[in-house]
Amino acid sequence: MTPEEVGTRLAGQVTDGVATVSGGGPYARGTVDVPPDAWIAALTAARDDADLACDFFDWLSAVDELDAGFAIVAHLWSTSWRHGVLVRTVVPRNEPAVQSVVSIYPGAAWHERETHEMFGIDFAGHPGLAPLLLPPEFEGHPLRKEFVLASRVAKAWPGAKEPGESGHGGGKRAPMRPPGVPAPGEWGPA
């Protein structure tokens with residue numbers, strides 16, 4: 001099946017599914033956008049449909065789309081038909097949550113834990129969203145766009161212009177220190 005056919009077939013089995021094709025030329029994938037309440041149905045259909053047969057869970061992550069919320073993306077692969085599909089949904093920023101797919105693809109457990117920790121997205125029904133990569137005392141979600149990076153406080157931006165000075169956005173961004181990060185003169189080599 002072509003990427004277009006894969007996407008169209010899966011989108012036809014899910015309420016409000018919209019099929020497109022990713023970029024990548026010969027490596028393109030069928031892409032299906034679904035509402036959050038159709039997330040489980042889409043991944044189940046991709047696995048159970050004999051012509052799709054996406055029996056291999058490859059990865060799951062998220063993208064911070066700012067005001068639009070968080071796009072959650074899963075890549076599935078068919079080991080028998082040798083095609084893949086990207087399934088995406090968007091959850092609101094104020095309540096980022098979607099159903100866990102661990103019961104459908106057990107390999108998603110680690111990916112959901114990482115996405116929960118890095119973006120703050122809840123996966124309802126996950127057997128244990130325990131911290132995976134960050135120390136227990138860490139506060140915040142480092143892959144959210146509003147998260148202030150400590151390295152930007154400790155070391156000046158190496159570019160010719162600060163972010164926001166390109167003429168395409170607002171004015172110069174004032175340096176901010178995240179909570180618990182001392183001022184540059186208070187730590188490190190003098």
# chains A, B, ... in the order shown; residues from 1 in each chain; ligands from 1
>>> residues_around(residues="Gly17 of chain A", least_positions_apart="5", cutoff="8 Å", atoms="only C-alpha atoms", output="VMD selection string")
chain A and resid 10 to 12 32 to 35
>>> select_by_dssp(residues="chain A", states="alpha helix (DSSP H)", output="ChimeraX atom specification")
/A:3-12,39-48,108-119,150-154
>>> write_last_selection(atoms="N, CA, C and O atoms", output="short mmCIF file (atom, residue, chain, number, x, y, z; two decimals), in the first residue's frame")
data_model
loop_
_atom_site.label_atom_id
_atom_site.label_comp_id
_atom_site.auth_asym_id
_atom_site.auth_seq_id
_atom_site.Cartn_x
_atom_site.Cartn_y
_atom_site.Cartn_z
N PRO A 3 1.68 5.27 0.99
CA PRO A 3 1.36 6.05 2.20
C PRO A 3 -0.03 6.68 2.14
O PRO A 3 -0.73 6.73 3.17
N GLU A 4 -0.45 7.13 0.96
CA GLU A 4 -1.80 7.71 0.82
C GLU A 4 -2.87 6.68 1.13
O GLU A 4 -3.84 6.96 1.83
N GLU A 5 -2.70 5.46 0.63
CA GLU A 5 -3.67 4.40 0.86
C GLU A 5 -3.71 3.97 2.33
O GLU A 5 -4.79 3.74 2.88
N VAL A 6 -2.55 3.91 2.96
CA VAL A 6 -2.50 3.55 4.39
C VAL A 6 -3.26 4.59 5.21
O VAL A 6 -4.11 4.26 6.04
N GLY A 7 -2.94 5.87 4.98
CA GLY A 7 -3.61 6.94 5.72
C GLY A 7 -5.10 6.98 5.49
O GLY A 7 -5.90 7.12 6.42
N THR A 8 -5.50 6.85 4.24
CA THR A 8 -6.92 6.89 3.89
C THR A 8 -7.68 5.72 4.51
O THR A 8 -8.78 5.88 5.03
N ARG A 9 -7.08 4.54 4.48
CA ARG A 9 -7.74 3.36 5.06
C ARG A 9 -7.95 3.53 6.56
O ARG A 9 -9.02 3.27 7.09
N LEU A 10 -6.89 3.99 7.27
CA LEU A 10 -7.03 4.16 8.71
C LEU A 10 -7.98 5.30 9.05
O LEU A 10 -8.83 5.16 9.94
N ALA A 11 -7.91 6.41 8.33
CA ALA A 11 -8.80 7.54 8.59
C ALA A 11 -10.26 7.15 8.38
O ALA A 11 -11.14 7.63 9.10
N GLY A 12 -10.53 6.26 7.44
CA GLY A 12 -11.89 5.81 7.18
C GLY A 12 -12.48 4.96 8.29
O GLY A 12 -13.69 4.79 8.39
N TRP A 39 -8.34 8.48 19.85
CA TRP A 39 -6.94 8.05 19.91
C TRP A 39 -6.82 6.53 20.05
O TRP A 39 -6.12 5.87 19.28
N ILE A 40 -7.52 5.95 21.00
CA ILE A 40 -7.46 4.50 21.24
C ILE A 40 -8.02 3.74 20.04
O ILE A 40 -7.44 2.75 19.58
N ALA A 41 -9.13 4.22 19.50
CA ALA A 41 -9.75 3.54 18.34
C ALA A 41 -8.80 3.55 17.14
O ALA A 41 -8.71 2.55 16.42
N ALA A 42 -8.09 4.64 16.93
CA ALA A 42 -7.19 4.73 15.78
C ALA A 42 -6.02 3.75 15.92
O ALA A 42 -5.68 3.04 14.97
N LEU A 43 -5.41 3.70 17.09
CA LEU A 43 -4.28 2.79 17.27
C LEU A 43 -4.72 1.33 17.25
O LEU A 43 -4.00 0.47 16.75
N THR A 44 -5.90 1.06 17.78
CA THR A 44 -6.43 -0.30 17.74
C THR A 44 -6.74 -0.72 16.31
O THR A 44 -6.41 -1.83 15.89
N ALA A 45 -7.35 0.17 15.53
CA ALA A 45 -7.66 -0.13 14.13
C ALA A 45 -6.38 -0.36 13.33
O ALA A 45 -6.33 -1.27 12.49
N ALA A 46 -5.35 0.43 13.57
CA ALA A 46 -4.09 0.25 12.86
C ALA A 46 -3.49 -1.13 13.15
O ALA A 46 -2.91 -1.75 12.26
N ARG A 47 -3.65 -1.59 14.36
CA ARG A 47 -3.11 -2.91 14.73
C ARG A 47 -3.98 -4.05 14.20
O ARG A 47 -3.47 -5.04 13.67
N ASP A 48 -5.30 -3.91 14.31
CA ASP A 48 -6.21 -5.03 14.05
C ASP A 48 -6.66 -5.18 12.61
O ASP A 48 -7.08 -6.27 12.21
N ALA A 108 4.73 0.96 24.47
CA ALA A 108 4.48 2.39 24.63
C ALA A 108 4.70 2.87 26.06
O ALA A 108 4.74 4.07 26.30
N ALA A 109 4.88 1.95 27.00
CA ALA A 109 4.99 2.34 28.41
C ALA A 109 6.12 3.32 28.65
O ALA A 109 5.94 4.35 29.30
N TRP A 110 7.30 3.02 28.16
CA TRP A 110 8.45 3.90 28.36
C TRP A 110 8.23 5.25 27.68
O TRP A 110 8.53 6.29 28.26
N HIS A 111 7.71 5.24 26.47
CA HIS A 111 7.49 6.47 25.71
C HIS A 111 6.46 7.37 26.40
O HIS A 111 6.63 8.60 26.41
N GLU A 112 5.41 6.79 26.94
CA GLU A 112 4.42 7.59 27.66
C GLU A 112 5.00 8.16 28.94
O GLU A 112 4.71 9.31 29.29
N ARG A 113 5.83 7.40 29.63
CA ARG A 113 6.48 7.93 30.84
C ARG A 113 7.37 9.12 30.49
O ARG A 113 7.36 10.14 31.18
N GLU A 114 8.16 8.98 29.44
CA GLU A 114 9.05 10.07 29.03
C GLU A 114 8.25 11.31 28.61
O GLU A 114 8.57 12.44 29.00
N THR A 115 7.20 11.11 27.83
CA THR A 115 6.38 12.23 27.37
C THR A 115 5.67 12.90 28.55
O THR A 115 5.57 14.12 28.60
N HIS A 116 5.22 12.11 29.50
CA HIS A 116 4.61 12.66 30.71
C HIS A 116 5.61 13.53 31.47
O HIS A 116 5.30 14.64 31.90
N GLU A 117 6.81 13.03 31.61
CA GLU A 117 7.83 13.74 32.38
C GLU A 117 8.33 15.00 31.66
O GLU A 117 8.51 16.04 32.27
N MET A 118 8.52 14.94 30.37
CA MET A 118 9.10 16.05 29.62
C MET A 118 8.08 17.13 29.24
O MET A 118 8.43 18.30 29.11
N PHE A 119 6.82 16.73 29.02
CA PHE A 119 5.80 17.69 28.60
C PHE A 119 4.67 17.89 29.61
O PHE A 119 3.89 18.82 29.47
N ALA A 150 18.46 26.61 32.15
CA ALA A 150 19.49 27.15 33.04
C ALA A 150 20.74 27.54 32.27
O ALA A 150 21.42 28.50 32.61
N SER A 151 21.06 26.83 31.20
CA SER A 151 22.27 27.15 30.43
C SER A 151 22.17 28.54 29.79
O SER A 151 23.18 29.20 29.58
N ARG A 152 20.97 29.01 29.49
CA ARG A 152 20.81 30.35 28.91
C ARG A 152 21.06 31.43 29.95
O ARG A 152 21.36 32.56 29.60
N VAL A 153 20.95 31.09 31.23
CA VAL A 153 21.22 32.06 32.29
C VAL A 153 22.73 32.11 32.54
O VAL A 153 23.31 33.16 32.74
N ALA A 154 23.38 30.94 32.54
CA ALA A 154 24.79 30.85 32.89
C ALA A 154 25.72 31.29 31.78
O ALA A 154 26.82 31.75 32.02
#
>>> closest_residue(among="A:Val102, A:Ala68, A:Val14, A:Leu86", to="His126 of chain A", atoms="only C-alpha atoms")
A:Val102
>>> residues_around(residues="Asp55 of chain A", least_positions_apart="5", cutoff="12 Å", atoms="only C-alpha atoms", output="PyMOL selection string")
chain A and resi 43-50+75-85+104-107
>>> select_by_dssp(residues="segment 34-98 of chain A", states="strand (DSSP E)", output="count of residues only")
29
>>> residues_around(residues="Gly25 of chain A", least_positions_apart="4", cutoff="12 Å", atoms="only C-alpha atoms", output="JSON, numbers by chain")
{"A": [2, 3, 21, 29, 30]}
>>> write_last_selection(atoms="N, CA, C and O atoms", output="PDB file, in the first residue's frame")
ATOM      1  N   THR A   2       0.441   2.275  -0.684  1.00  0.00           N
ATOM      2  CA  THR A   2       1.158   3.543  -0.674  1.00  0.00           C
ATOM      3  C   THR A   2       0.855   4.287   0.628  1.00  0.00           C
ATOM      4  O   THR A   2      -0.133   3.971   1.305  1.00  0.00           O
ATOM      5  N   PRO A   3       1.676   5.272   0.989  1.00  0.00           N
ATOM      6  CA  PRO A   3       1.363   6.054   2.195  1.00  0.00           C
ATOM      7  C   PRO A   3      -0.033   6.678   2.144  1.00  0.00           C
ATOM      8  O   PRO A   3      -0.727   6.733   3.165  1.00  0.00           O
ATOM      9  N   VAL A  21      -0.150  12.947   4.065  1.00  0.00           N
ATOM     10  CA  VAL A  21       1.106  12.219   3.906  1.00  0.00           C
ATOM     11  C   VAL A  21       2.226  13.109   4.413  1.00  0.00           C
ATOM     12  O   VAL A  21       2.276  14.304   4.100  1.00  0.00           O
ATOM     13  N   ARG A  29       5.320   8.826   5.124  1.00  0.00           N
ATOM     14  CA  ARG A  29       4.383   7.981   5.861  1.00  0.00           C
ATOM     15  C   ARG A  29       2.977   8.539   5.721  1.00  0.00           C
ATOM     16  O   ARG A  29       2.781   9.749   5.678  1.00  0.00           O
ATOM     17  N   GLY A  30       2.013   7.638   5.708  1.00  0.00           N
ATOM     18  CA  GLY A  30       0.634   8.065   5.836  1.00  0.00           C
ATOM     19  C   GLY A  30       0.457   8.643   7.230  1.00  0.00           C
ATOM     20  O   GLY A  30       1.003   8.119   8.197  1.00  0.00           O
TER      21      GLY A  30
END
>>> atom_distance(atom1="atom CA of Phe70 of chain A", atom2="atom CA of Val18 of chain A")
17.5 Å
>>> residues_around(residues="Ala71 of chain A", least_positions_apart="2", cutoff="10 Å", atoms="only C-alpha atoms", output="VMD selection string")
chain A and resid 33 61 to 66 68 to 69 73 88 to 93 96
>>> atom_distance(atom1="atom CA of Leu60 of chain A", atom2="atom CA of Val101 of chain A")
10.0 Å
